[in-house]
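Enquirer: Sharing query15.cif, mmCIF, C-alpha atoms and all ligand atoms:
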data_target
#
loop_
_atom_site.label_atom_id
_atom_site.label_comp_id
_atom_site.auth_asym_id
_atom_site.auth_seq_id
_atom_site.Cartn_x
_atom_site.Cartn_y
_atom_site.Cartn_z
CA MET A 280 145.82 56.37 99.35
CA SER A 281 142.52 57.61 100.82
CA ILE A 282 140.20 54.75 99.89
CA ARG A 283 141.65 51.26 99.88
CA THR A 284 139.94 48.86 97.49
CA GLU A 285 140.26 45.08 97.74
CA THR A 286 138.28 42.33 96.01
CA ALA A 287 138.43 38.71 97.15
CA ASP A 288 136.01 35.79 96.94
CA GLY A 289 133.14 37.92 95.64
CA VAL A 290 133.57 40.62 98.30
CA LEU A 291 134.61 44.19 97.48
CA THR A 292 135.96 45.96 100.58
CA LEU A 293 136.22 49.75 100.49
CA THR A 294 138.25 51.09 103.41
CA PHE A 295 138.62 54.73 104.47
CA ASP A 296 142.36 55.27 104.73
CA ARG A 297 143.17 58.85 105.67
CA LEU A 298 143.90 58.57 109.33
CA ASP A 299 145.77 61.89 109.68
CA ARG A 300 142.44 63.61 108.91
CA LYS A 301 140.32 61.08 110.81
CA ASN A 302 139.25 59.58 107.47
CA ALA A 303 137.39 62.81 106.56
CA ILE A 304 136.02 62.42 103.04
CA THR A 305 137.23 64.72 100.26
CA ALA A 306 135.59 65.19 96.85
CA ALA A 307 138.26 62.89 95.38
CA MET A 308 137.37 60.18 97.91
CA TYR A 309 133.63 60.53 97.16
CA GLN A 310 134.49 60.10 93.49
CA THR A 311 136.52 56.93 94.17
CA LEU A 312 133.67 55.50 96.26
CA ALA A 313 131.03 56.41 93.69
CA ASP A 314 133.06 54.93 90.83
CA ALA A 315 133.68 51.72 92.79
CA LEU A 316 130.00 51.32 93.68
CA VAL A 317 128.87 51.97 90.10
CA ALA A 318 131.46 49.55 88.68
CA ALA A 319 130.41 46.89 91.23
CA GLU A 320 126.89 46.92 89.79
CA THR A 321 128.03 45.20 86.61
CA ASP A 322 131.10 43.35 87.86
CA PRO A 323 130.28 39.63 88.10
CA ALA A 324 133.26 39.15 90.42
CA ILE A 325 131.52 41.26 93.10
CA ARG A 326 128.52 39.93 95.03
CA VAL A 327 128.79 41.90 98.29
CA ILE A 328 130.36 45.23 99.32
CA VAL A 329 131.89 46.03 102.71
CA LEU A 330 132.54 49.60 103.89
CA ALA A 331 135.17 49.84 106.62
CA GLY A 332 137.42 52.34 108.37
CA HIS A 333 140.24 52.34 110.90
CA GLU A 334 139.77 50.78 114.31
CA SER A 335 139.92 54.25 115.93
CA VAL A 336 137.67 56.08 113.48
CA PHE A 337 135.25 55.05 110.73
CA THR A 338 135.10 58.53 109.21
CA ALA A 339 134.82 62.12 110.48
CA GLY A 340 132.37 62.76 107.62
CA ASN A 341 132.79 65.47 105.02
CA ASP A 342 136.24 67.02 104.92
CA LEU A 343 135.15 70.46 106.05
CA GLU A 344 138.09 72.32 104.57
CA ASP A 345 137.80 70.60 101.20
CA PHE A 346 134.06 71.21 101.35
CA MET A 347 134.55 74.95 101.94
CA LYS A 348 137.07 75.22 99.11
CA ASN A 349 135.07 73.10 96.64
CA PRO A 350 131.41 73.19 97.65
CA PRO A 351 129.31 70.80 95.53
CA LYS A 352 128.16 72.85 92.52
CA ASP A 353 125.42 70.66 91.15
CA GLU A 354 124.11 67.11 90.98
CA SER A 355 127.26 65.96 89.17
CA ALA A 356 129.39 66.74 92.25
CA PRO A 357 131.22 63.68 93.62
CA VAL A 358 129.28 63.75 96.91
CA HIS A 359 125.98 63.53 95.00
CA GLN A 360 127.35 60.77 92.77
CA PHE A 361 128.28 58.86 95.92
CA LEU A 362 124.88 59.38 97.56
CA ARG A 363 123.10 58.26 94.39
CA ALA A 364 125.35 55.20 94.10
CA ILE A 365 124.97 54.09 97.72
CA SER A 366 121.21 54.68 97.76
CA THR A 367 120.66 52.70 94.57
CA ALA A 368 123.27 49.95 95.03
CA SER A 369 121.60 46.69 94.15
CA LYS A 370 124.13 44.36 95.81
CA PRO A 371 124.23 43.92 99.60
CA LEU A 372 126.18 46.58 101.48
CA ILE A 373 127.78 45.75 104.83
CA ALA A 374 129.12 48.45 107.16
CA SER A 375 131.95 47.55 109.53
CA VAL A 376 132.16 50.49 111.92
CA SER A 377 134.59 51.22 114.73
CA GLY A 378 135.31 54.53 116.45
CA ALA A 379 133.63 57.77 115.41
CA ALA A 380 131.24 57.80 112.47
CA VAL A 381 130.33 61.45 111.98
CA GLY A 382 127.81 63.04 109.60
CA VAL A 383 127.72 61.10 106.36
CA GLY A 384 129.69 58.43 108.25
CA THR A 385 126.47 57.72 110.10
CA THR A 386 123.91 58.57 107.42
CA MET A 387 125.54 56.17 104.94
CA LEU A 388 124.74 53.38 107.40
CA LEU A 389 121.04 53.95 106.68
CA HIS A 390 121.72 52.72 103.14
CA CYS A 391 123.64 49.65 104.27
CA ASP A 392 121.88 46.32 104.56
CA PHE A 393 123.92 44.90 107.40
CA VAL A 394 125.57 47.11 110.03
CA LEU A 395 128.21 45.74 112.39
CA LEU A 396 129.48 48.01 115.15
CA ALA A 397 132.55 47.57 117.29
CA ASP A 398 131.95 48.28 120.95
CA ASN A 399 133.86 51.58 120.59
CA ALA A 400 131.62 52.91 117.79
CA GLN A 401 130.17 56.39 118.28
CA LEU A 402 127.58 57.57 115.78
CA SER A 403 126.75 61.25 115.35
CA THR A 404 125.02 63.53 112.90
CA PRO A 405 126.02 67.10 113.89
CA PHE A 406 124.58 68.81 110.80
CA VAL A 407 122.75 71.46 112.82
CA ASN A 408 125.94 72.18 114.81
CA LEU A 409 127.41 73.24 111.45
CA ALA A 410 124.23 75.22 110.65
CA LEU A 411 123.39 72.67 107.95
CA VAL A 412 120.60 70.15 107.48
CA PRO A 413 120.67 66.35 107.21
CA GLU A 414 121.54 64.67 103.90
CA ALA A 415 121.50 61.21 102.28
CA ALA A 416 117.72 61.03 102.82
CA SER A 417 118.47 60.74 106.53
CA SER A 418 115.76 63.31 107.33
CA LEU A 419 113.37 60.58 106.17
CA LEU A 420 115.24 57.38 107.04
CA MET A 421 116.47 58.33 110.53
CA PRO A 422 113.04 59.14 112.05
CA ALA A 423 111.60 56.11 110.26
CA ARG A 424 114.25 53.94 111.92
CA LEU A 425 114.50 55.56 115.38
CA GLY A 426 111.29 57.52 115.81
CA HIS A 427 111.04 61.29 115.68
CA VAL A 428 112.30 62.22 119.13
CA ARG A 429 115.53 60.21 119.01
CA ALA A 430 116.23 61.28 115.42
CA PHE A 431 115.55 64.91 116.27
CA GLU A 432 117.89 64.77 119.24
CA MET A 433 120.65 63.23 117.10
CA PHE A 434 120.25 65.91 114.45
CA ALA A 435 119.53 68.91 116.66
CA LEU A 436 122.14 68.36 119.39
CA GLY A 437 124.70 66.34 117.42
CA ASP A 438 125.74 64.20 120.42
CA ALA A 439 127.36 60.84 119.73
CA VAL A 440 125.27 57.71 120.25
CA SER A 441 127.04 54.67 121.69
CA ALA A 442 127.17 51.31 119.91
CA GLU A 443 124.88 49.86 122.58
CA SER A 444 122.20 52.54 122.04
CA ALA A 445 122.57 52.35 118.25
CA LEU A 446 121.89 48.60 118.46
CA ALA A 447 118.90 49.07 120.76
CA TRP A 448 117.49 51.77 118.43
CA GLY A 449 117.68 49.59 115.32
CA LEU A 450 120.66 51.26 113.65
CA ALA A 451 122.76 48.09 113.70
CA ASN A 452 122.54 44.31 113.51
CA ARG A 453 125.06 43.62 116.23
CA VAL A 454 127.85 44.98 118.39
CA VAL A 455 131.08 42.99 118.65
CA PRO A 456 134.35 43.52 120.52
CA LEU A 457 136.67 45.73 118.50
CA TYR A 458 139.21 42.95 117.90
CA GLN A 459 136.51 40.78 116.27
CA LEU A 460 134.99 43.40 113.96
CA GLY A 461 136.97 42.74 110.78
CA THR A 462 136.62 38.97 111.06
CA GLU A 463 132.91 39.19 111.80
CA ALA A 464 132.29 41.57 108.87
CA GLN A 465 134.13 39.29 106.46
CA ALA A 466 132.25 36.25 107.83
CA VAL A 467 128.89 37.95 107.18
CA ALA A 468 130.12 39.04 103.74
CA ALA A 469 131.21 35.47 102.92
CA ARG A 470 127.79 34.11 103.95
CA LEU A 471 125.96 36.70 101.84
CA ALA A 472 128.31 36.03 98.91
CA ARG A 473 127.17 32.38 98.95
CA GLN A 474 123.47 33.35 98.80
CA PRO A 475 121.69 33.57 95.41
CA LEU A 476 122.52 37.08 94.17
CA GLY A 477 119.37 37.49 92.07
CA ALA A 478 117.14 36.81 95.07
CA LEU A 479 119.22 39.14 97.27
CA THR A 480 119.10 42.06 94.87
CA GLU A 481 115.35 41.64 94.27
CA THR A 482 114.79 41.49 98.03
CA LYS A 483 116.73 44.73 98.44
CA ARG A 484 114.75 46.37 95.63
CA LEU A 485 111.43 45.37 97.18
CA MET A 486 112.49 46.71 100.57
CA ARG A 487 113.30 50.24 99.33
CA ASP A 488 111.36 53.02 97.70
CA ALA A 489 114.12 54.35 95.42
CA GLU A 490 111.95 57.15 94.00
CA LEU A 491 111.01 58.42 97.46
CA LEU A 492 114.67 58.39 98.56
CA LYS A 493 115.63 60.38 95.48
CA GLN A 494 112.90 62.97 96.11
CA GLN A 495 114.02 63.39 99.72
CA MET A 496 117.68 63.74 98.71
CA ASP A 497 116.75 66.38 96.12
CA ALA A 498 114.81 68.35 98.75
CA GLU A 499 117.68 68.03 101.24
CA SER A 500 120.28 69.10 98.64
CA ALA A 501 118.34 72.25 97.79
CA CYS A 502 118.05 73.16 101.46
CA PHE A 503 121.67 72.16 102.19
CA ALA A 504 122.93 74.42 99.38
CA GLN A 505 120.94 77.36 100.78
CA ARG A 506 122.15 76.73 104.32
CA LEU A 507 125.76 76.55 103.12
CA LYS A 508 125.49 80.19 101.99
CA SER A 509 123.98 81.33 105.31
CA PRO A 510 125.82 83.57 107.82
CA GLU A 511 125.24 80.79 110.39
CA ALA A 512 127.16 78.28 108.27
CA HIS A 513 129.98 80.76 107.64
CA GLU A 514 130.31 81.21 111.39
CA ALA A 515 130.23 77.43 112.01
CA PHE A 516 132.90 76.68 109.40
CA ARG A 517 135.09 79.62 110.49
CA ALA A 518 134.85 78.39 114.07
CA PHE A 519 135.96 74.87 112.98
CA VAL A 520 139.04 76.29 111.24
CA ASP A 521 139.78 78.65 114.17
CA ARG A 522 139.26 75.76 116.63
CA ARG A 523 136.78 77.72 118.76
CA PRO A 524 133.10 77.22 119.61
CA PRO A 525 130.77 79.01 117.17
CA ASP A 526 128.64 81.94 118.36
CA PHE A 527 125.34 81.72 116.51
CA ASN A 528 123.75 84.51 118.54
CA ALA A 529 126.07 87.00 116.86
CA VAL A 530 124.95 86.20 113.29
CA ALA A 531 121.76 86.39 111.26
CA HIS A 532 120.19 83.08 110.32
N1 LIG A 601 137.23 67.72 108.04
C1 LIG A 601 138.51 68.17 107.98
N2 LIG A 601 139.44 67.89 108.90
C2 LIG A 601 139.07 67.11 109.94
C3 LIG A 601 137.75 66.61 110.06
C4 LIG A 601 136.82 66.95 109.06
N3 LIG A 601 135.56 66.51 109.10
N4 LIG A 601 137.67 65.89 111.21
C5 LIG A 601 138.90 65.93 111.77
N5 LIG A 601 139.73 66.67 111.00
C6 LIG A 601 141.13 66.97 111.25
C7 LIG A 601 141.26 67.93 112.44
O1 LIG A 601 141.09 69.27 112.01
C8 LIG A 601 142.66 67.64 112.93
O2 LIG A 601 143.57 68.31 112.11
P1 LIG A 601 144.99 68.87 112.70
O3 LIG A 601 145.75 67.62 113.09
O4 LIG A 601 145.59 69.60 111.56
O5 LIG A 601 144.64 69.72 113.87
C9 LIG A 601 142.81 66.14 112.66
O6 LIG A 601 141.81 65.79 111.69
C10 LIG A 601 142.56 65.31 113.89
O7 LIG A 601 141.28 65.64 114.43
P2 LIG A 601 140.98 65.85 115.99
O8 LIG A 601 139.72 66.63 116.12
O9 LIG A 601 142.20 66.41 116.65
O10 LIG A 601 140.77 64.33 116.46
P3 LIG A 601 139.94 63.78 117.70
O11 LIG A 601 140.32 62.35 117.83
O12 LIG A 601 140.09 64.67 118.88
O13 LIG A 601 138.39 63.85 117.25
C11 LIG A 601 136.55 63.62 115.71
C12 LIG A 601 137.92 63.07 116.18
C13 LIG A 601 136.16 62.87 114.45
C14 LIG A 601 135.51 63.36 116.81
C15 LIG A 601 136.67 65.12 115.47
O14 LIG A 601 137.80 65.35 114.64
C16 LIG A 601 135.49 65.79 114.83
O15 LIG A 601 134.46 65.97 115.46
N6 LIG A 601 135.62 66.21 113.55
C17 LIG A 601 134.65 67.00 112.84
C18 LIG A 601 133.55 66.13 112.37
C19 LIG A 601 132.48 66.91 111.62
O16 LIG A 601 131.95 67.88 112.08
N7 LIG A 601 132.20 66.41 110.40
C20 LIG A 601 131.23 66.96 109.54
C21 LIG A 601 129.90 66.39 109.87
S1 LIG A 601 128.61 67.03 108.87
#
If you took the structure in this file and wrote it as structure tokens, what would it be?
Expert:
Amino acid sequence: MSIRTETADGVLTLTFDRLDRKNAITAAMYQTLADALVAAETDPAIRVIVLAGHESVFTAGNDLEDFMKNPPKDESAPVHQFLRAISTASKPLIASVSGAAVGVGTTMLLHCDFVLLADNAQLSTPFVNLALVPEAASSLLMPARLGHVRAFEMFALGDAVSAESALAWGLANRVVPLYQLGTEAQAVAARLARQPLGALTETKRLMRDAELLKQQMDAESACFAQRLKSPEAHEAFRAFVDRRPPDFNAVAH
């Protein structure tokens, strides 16, 4: 099982469950997530959604091997269905993050309404390291949240940001000791589940410019697809498989 799904007391919890691959997300997992988020929209039993991982890793982001074998062909690809679903979800989304959250593991947090980090959380967006560009409207949302220079450093160098810095930069609501994360996330979810859902969803809608997010994601997807075909990206992905550092000076961009 790669995504665990549990519903209790109005809370849907979606848990990354593929520890042998550091919870890297395959097309099949994106599809499961997208389907669950879409179904939650009209399910009266669900009032709040929690995204969680393992205590040692939230998710290593896109499964790079799966991604190379089955690159997203068009807007119907599971990854795009997931990004559309998470960016348009009307019910409150809570992220419960411990360990590494890489790539989309971090950019999905920008679409969550409440972000809880364990003290071992490490957020990173190494798209440029893979010769790619940011996705999930993060090229818009990240600088809006952190300011240009911090966002640029995260994207351009790909270094991990600690839970403490992420909190200080406005990427999270709070940092808690690892052993308290699950309990704290469920406590926040239970509180939100008791709030009036109509008022919550309208508040969310008023806080987001859905059309602008869509435009940005479309622009990012077009650029991402181009970059994926580039000699730089081939070198980056080959280097990942060969477990060696890439050499971008040896290839055309
Ligand atoms: N896609 C596919 N496989 C992945 C993966 C990914 N994104 N991330 C990790 N794995 C695999 C590794 O290849 C390794 O496989 P192996 O056991 O067959 O050698 C296994 O998961 C364990 O990973 P490892 O790197 O040994 O674990 P770690 O604890 O040292 O590091 C991470 C964990 C998440 C920091 C590290 O795996 C990593 O940086 N992964 C790549 C993340 C990435 O670039 N994602 C895409 C962002 S756009």
Enquirer: Using all atoms listed in the file, which residues of the polymer chains come no farther than 8 Å from ligand LIG 601 (chain A)? I'd like the answer as a tab-separated table (two decimals) with C-alpha atoms, in the frame of the given file.
Expert:
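And here is the file that came out, result-v4.tsv:
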chain	number	residue	atom	x	y	z
A	298	LEU	CA	143.90	58.57	109.33
A	299	ASP	CA	145.77	61.89	109.68
A	300	ARG	CA	142.44	63.61	108.91
A	301	LYS	CA	140.32	61.08	110.81
A	302	ASN	CA	139.25	59.58	107.47
A	303	ALA	CA	137.39	62.81	106.56
A	304	ILE	CA	136.02	62.42	103.04
A	336	VAL	CA	137.67	56.08	113.48
A	338	THR	CA	135.10	58.53	109.21
A	339	ALA	CA	134.82	62.12	110.48
A	340	GLY	CA	132.37	62.76	107.62
A	341	ASN	CA	132.79	65.47	105.02
A	342	ASP	CA	136.24	67.02	104.92
A	343	LEU	CA	135.15	70.46	106.05
A	344	GLU	CA	138.09	72.32	104.57
A	345	ASP	CA	137.80	70.60	101.20
A	379	ALA	CA	133.63	57.77	115.41
A	380	ALA	CA	131.24	57.80	112.47
A	381	VAL	CA	130.33	61.45	111.98
A	382	GLY	CA	127.81	63.04	109.60
A	383	VAL	CA	127.72	61.10	106.36
A	404	THR	CA	125.02	63.53	112.90
A	405	PRO	CA	126.02	67.10	113.89
A	406	PHE	CA	124.58	68.81	110.80
A	408	ASN	CA	125.94	72.18	114.81
A	409	LEU	CA	127.41	73.24	111.45
A	411	LEU	CA	123.39	72.67	107.95
A	519	PHE	CA	135.96	74.87	112.98
A	520	VAL	CA	139.04	76.29	111.24
Enquirer: Any idea what the distance is between atom CA of A:Leu476 and atom CA of A:Ile325?
Expert: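 Atom-to-atom, atom CA of A:Leu476 to atom CA of A:Ile325, that is 10.0 Å.
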Enquirer: Between A:Leu471, A:Leu491, A:Leu419, A:Leu396, single out the one closest to A:Val454, counting only C-alpha atoms.
Expert: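 Under the stated criterion, the closest residue is A:Leu396.
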Enquirer: Work out how far atom CA of A:Arg363 is from atom CA of A:Ala400, in Å to one decimal.
Expert: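 Atom-to-atom, atom CA of A:Ala400 to atom CA of A:Arg363, that is 25.5 Å.
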Enquirer: Return the single residue from A:Ala464, A:Met280, A:Ile365, A:Asn452 that is closest to A:Glu320, with distances computed using all atoms listed in the file.
Expert: A:Ile365
Enquirer: Quick one: of A:Gln474, A:Asn399, A:Ser281, A:Ser335, who's nearest to A:Leu293, counting only C-alpha atoms?
Expert: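 Of A:Gln474, A:Asn399, A:Ser281, A:Ser335, the one nearest A:Leu293 is A:Ser281, counting only C-alpha atoms.
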Enquirer: Using 12 Å as the limit and counting all atoms listed in the file, can you tabulate each residue of stretch 421-517 of chain A that touches stretch 326-331 of chain A, with its shortest atom-to-atom distance in Å and the two atoms involved, as a tab-separated table?
Expert:
residue	atom	partner	partner_atom	distance
A:Leu460	CA	A:Ala331	CA	9.8
A:Gly461	CA	A:Ala331	CA	8.4
A:Thr462	CA	A:Ala331	CA	11.8
A:Glu463	CA	A:Val329	CA	11.4
A:Ala464	CA	A:Val329	CA	7.6
A:Gln465	CA	A:Val329	CA	8.0
A:Ala466	CA	A:Val329	CA	11.0
A:Val467	CA	A:Val329	CA	9.7
A:Ala468	CA	A:Val327	CA	6.3
A:Ala469	CA	A:Val327	CA	8.3
A:Arg470	CA	A:Val327	CA	9.7
A:Leu471	CA	A:Val327	CA	6.9
A:Ala472	CA	A:Arg326	CA	5.5
A:Arg473	CA	A:Arg326	CA	8.6
A:Gln474	CA	A:Arg326	CA	9.1
A:Pro475	CA	A:Arg326	CA	9.3
A:Leu476	CA	A:Arg326	CA	6.7
A:Gly477	CA	A:Arg326	CA	9.9
A:Ala478	CA	A:Arg326	CA	11.8
A:Leu479	CA	A:Arg326	CA	9.6
A:Thr480	CA	A:Arg326	CA	9.7
Enquirer: Identify which of the residues A:His513, A:Lys370, A:Arg283, A:His359 lies closest to A:Ala416, counting all atoms listed in the file when measuring atom-to-atom distances.
Expert: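 Looking at the shortest contact to A:Ala416, the residue is A:His359.
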Enquirer: List the neighbours of A:Asp353 out to 12 Å using only C-alpha atoms; skip same-chain residues closer than 4 positions along the sequence, and give me the result as a PyMOL selection string.
Expert: chain A and resi 349+357-360+497+500-501+503-504
Enquirer: Please, what distance in Å, to one decimal, runs between atom CA of A:Ala423 and atom CA of A:Leu362?
Expert: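 According to the coordinates, atom CA of A:Ala423 and atom CA of A:Leu362 are separated by 18.7 Å.
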Enquirer: Tell me which of A:Met308, A:Met496, A:Leu457, A:Leu436 sits closest to A:Leu420, counting all atoms listed in the file.
Expert: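 Checking each candidate against A:Leu420, we get A:Met496 as the closest.
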Enquirer: Dump as a list in words all residues having an atom at most 8 Å from (119.2, 62.6, 113.6), computed in the file's coordinates with all atoms listed in the file.
Expert: Ser403, Thr404, Pro413, Ser417, Ser418, Met421, Pro422, Arg429, Ala430, Phe431, Glu432, Met433, Phe434, Ala435 and Gly437 of chain A
Enquirer: Kindly add N, CA, C and O atoms to the incomplete stretch 387-402 of chain A and provide the output as a PDB file, in the frame of the given file.
Expert:
ATOM      1  N   MET A 387     125.359  57.220 105.956  1.00  0.00           N
ATOM      2  CA  MET A 387     125.540  56.170 104.940  1.00  0.00           C
ATOM      3  C   MET A 387     125.117  54.799 105.485  1.00  0.00           C
ATOM      4  O   MET A 387     124.756  53.911 104.721  1.00  0.00           O
ATOM      5  N   LEU A 388     125.132  54.661 106.808  1.00  0.00           N
ATOM      6  CA  LEU A 388     124.740  53.380 107.400  1.00  0.00           C
ATOM      7  C   LEU A 388     123.257  53.072 107.139  1.00  0.00           C
ATOM      8  O   LEU A 388     122.840  51.917 107.112  1.00  0.00           O
ATOM      9  N   LEU A 389     122.479  54.138 106.942  1.00  0.00           N
ATOM     10  CA  LEU A 389     121.040  53.950 106.680  1.00  0.00           C
ATOM     11  C   LEU A 389     120.798  53.334 105.309  1.00  0.00           C
ATOM     12  O   LEU A 389     119.697  52.879 105.016  1.00  0.00           O
ATOM     13  N   HIS A 390     121.836  53.341 104.463  1.00  0.00           N
ATOM     14  CA  HIS A 390     121.720  52.720 103.140  1.00  0.00           C
ATOM     15  C   HIS A 390     122.397  51.352 103.102  1.00  0.00           C
ATOM     16  O   HIS A 390     122.406  50.703 102.054  1.00  0.00           O
ATOM     17  N   CYS A 391     122.989  50.968 104.217  1.00  0.00           N
ATOM     18  CA  CYS A 391     123.640  49.650 104.270  1.00  0.00           C
ATOM     19  C   CYS A 391     122.610  48.605 104.711  1.00  0.00           C
ATOM     20  O   CYS A 391     121.659  48.915 105.423  1.00  0.00           O
ATOM     21  N   ASP A 392     122.848  47.385 104.292  1.00  0.00           N
ATOM     22  CA  ASP A 392     121.880  46.320 104.560  1.00  0.00           C
ATOM     23  C   ASP A 392     122.220  45.535 105.812  1.00  0.00           C
ATOM     24  O   ASP A 392     121.374  44.835 106.368  1.00  0.00           O
ATOM     25  N   PHE A 393     123.458  45.635 106.221  1.00  0.00           N
ATOM     26  CA  PHE A 393     123.920  44.900 107.400  1.00  0.00           C
ATOM     27  C   PHE A 393     124.934  45.796 108.087  1.00  0.00           C
ATOM     28  O   PHE A 393     125.932  46.186 107.480  1.00  0.00           O
ATOM     29  N   VAL A 394     124.678  46.166 109.338  1.00  0.00           N
ATOM     30  CA  VAL A 394     125.570  47.110 110.030  1.00  0.00           C
ATOM     31  C   VAL A 394     126.163  46.436 111.268  1.00  0.00           C
ATOM     32  O   VAL A 394     125.441  46.039 112.179  1.00  0.00           O
ATOM     33  N   LEU A 395     127.494  46.313 111.248  1.00  0.00           N
ATOM     34  CA  LEU A 395     128.210  45.740 112.390  1.00  0.00           C
ATOM     35  C   LEU A 395     128.959  46.869 113.080  1.00  0.00           C
ATOM     36  O   LEU A 395     129.683  47.627 112.422  1.00  0.00           O
ATOM     37  N   LEU A 396     128.779  46.970 114.392  1.00  0.00           N
ATOM     38  CA  LEU A 396     129.480  48.010 115.150  1.00  0.00           C
ATOM     39  C   LEU A 396     130.463  47.371 116.109  1.00  0.00           C
ATOM     40  O   LEU A 396     130.126  46.375 116.774  1.00  0.00           O
ATOM     41  N   ALA A 397     131.646  47.950 116.207  1.00  0.00           N
ATOM     42  CA  ALA A 397     132.550  47.570 117.290  1.00  0.00           C
ATOM     43  C   ALA A 397     132.042  48.243 118.560  1.00  0.00           C
ATOM     44  O   ALA A 397     131.311  49.240 118.491  1.00  0.00           O
ATOM     45  N   ASP A 398     132.470  47.712 119.696  1.00  0.00           N
ATOM     46  CA  ASP A 398     131.950  48.280 120.950  1.00  0.00           C
ATOM     47  C   ASP A 398     132.435  49.701 121.211  1.00  0.00           C
ATOM     48  O   ASP A 398     131.896  50.387 122.077  1.00  0.00           O
ATOM     49  N   ASN A 399     133.422  50.188 120.425  1.00  0.00           N
ATOM     50  CA  ASN A 399     133.860  51.580 120.590  1.00  0.00           C
ATOM     51  C   ASN A 399     133.212  52.532 119.575  1.00  0.00           C
ATOM     52  O   ASN A 399     133.603  53.691 119.486  1.00  0.00           O
ATOM     53  N   ALA A 400     132.237  52.046 118.820  1.00  0.00           N
ATOM     54  CA  ALA A 400     131.620  52.910 117.790  1.00  0.00           C
ATOM     55  C   ALA A 400     130.824  54.041 118.442  1.00  0.00           C
ATOM     56  O   ALA A 400     130.194  53.856 119.486  1.00  0.00           O
ATOM     57  N   GLN A 401     130.878  55.194 117.807  1.00  0.00           N
ATOM     58  CA  GLN A 401     130.170  56.390 118.280  1.00  0.00           C
ATOM     59  C   GLN A 401     129.551  57.043 117.060  1.00  0.00           C
ATOM     60  O   GLN A 401     130.284  57.528 116.199  1.00  0.00           O
ATOM     61  N   LEU A 402     128.236  57.035 116.980  1.00  0.00           N
ATOM     62  CA  LEU A 402     127.580  57.570 115.780  1.00  0.00           C
ATOM     63  C   LEU A 402     127.034  58.962 116.065  1.00  0.00           C
ATOM     64  O   LEU A 402     126.357  59.172 117.071  1.00  0.00           O
TER      65      LEU A 402
END
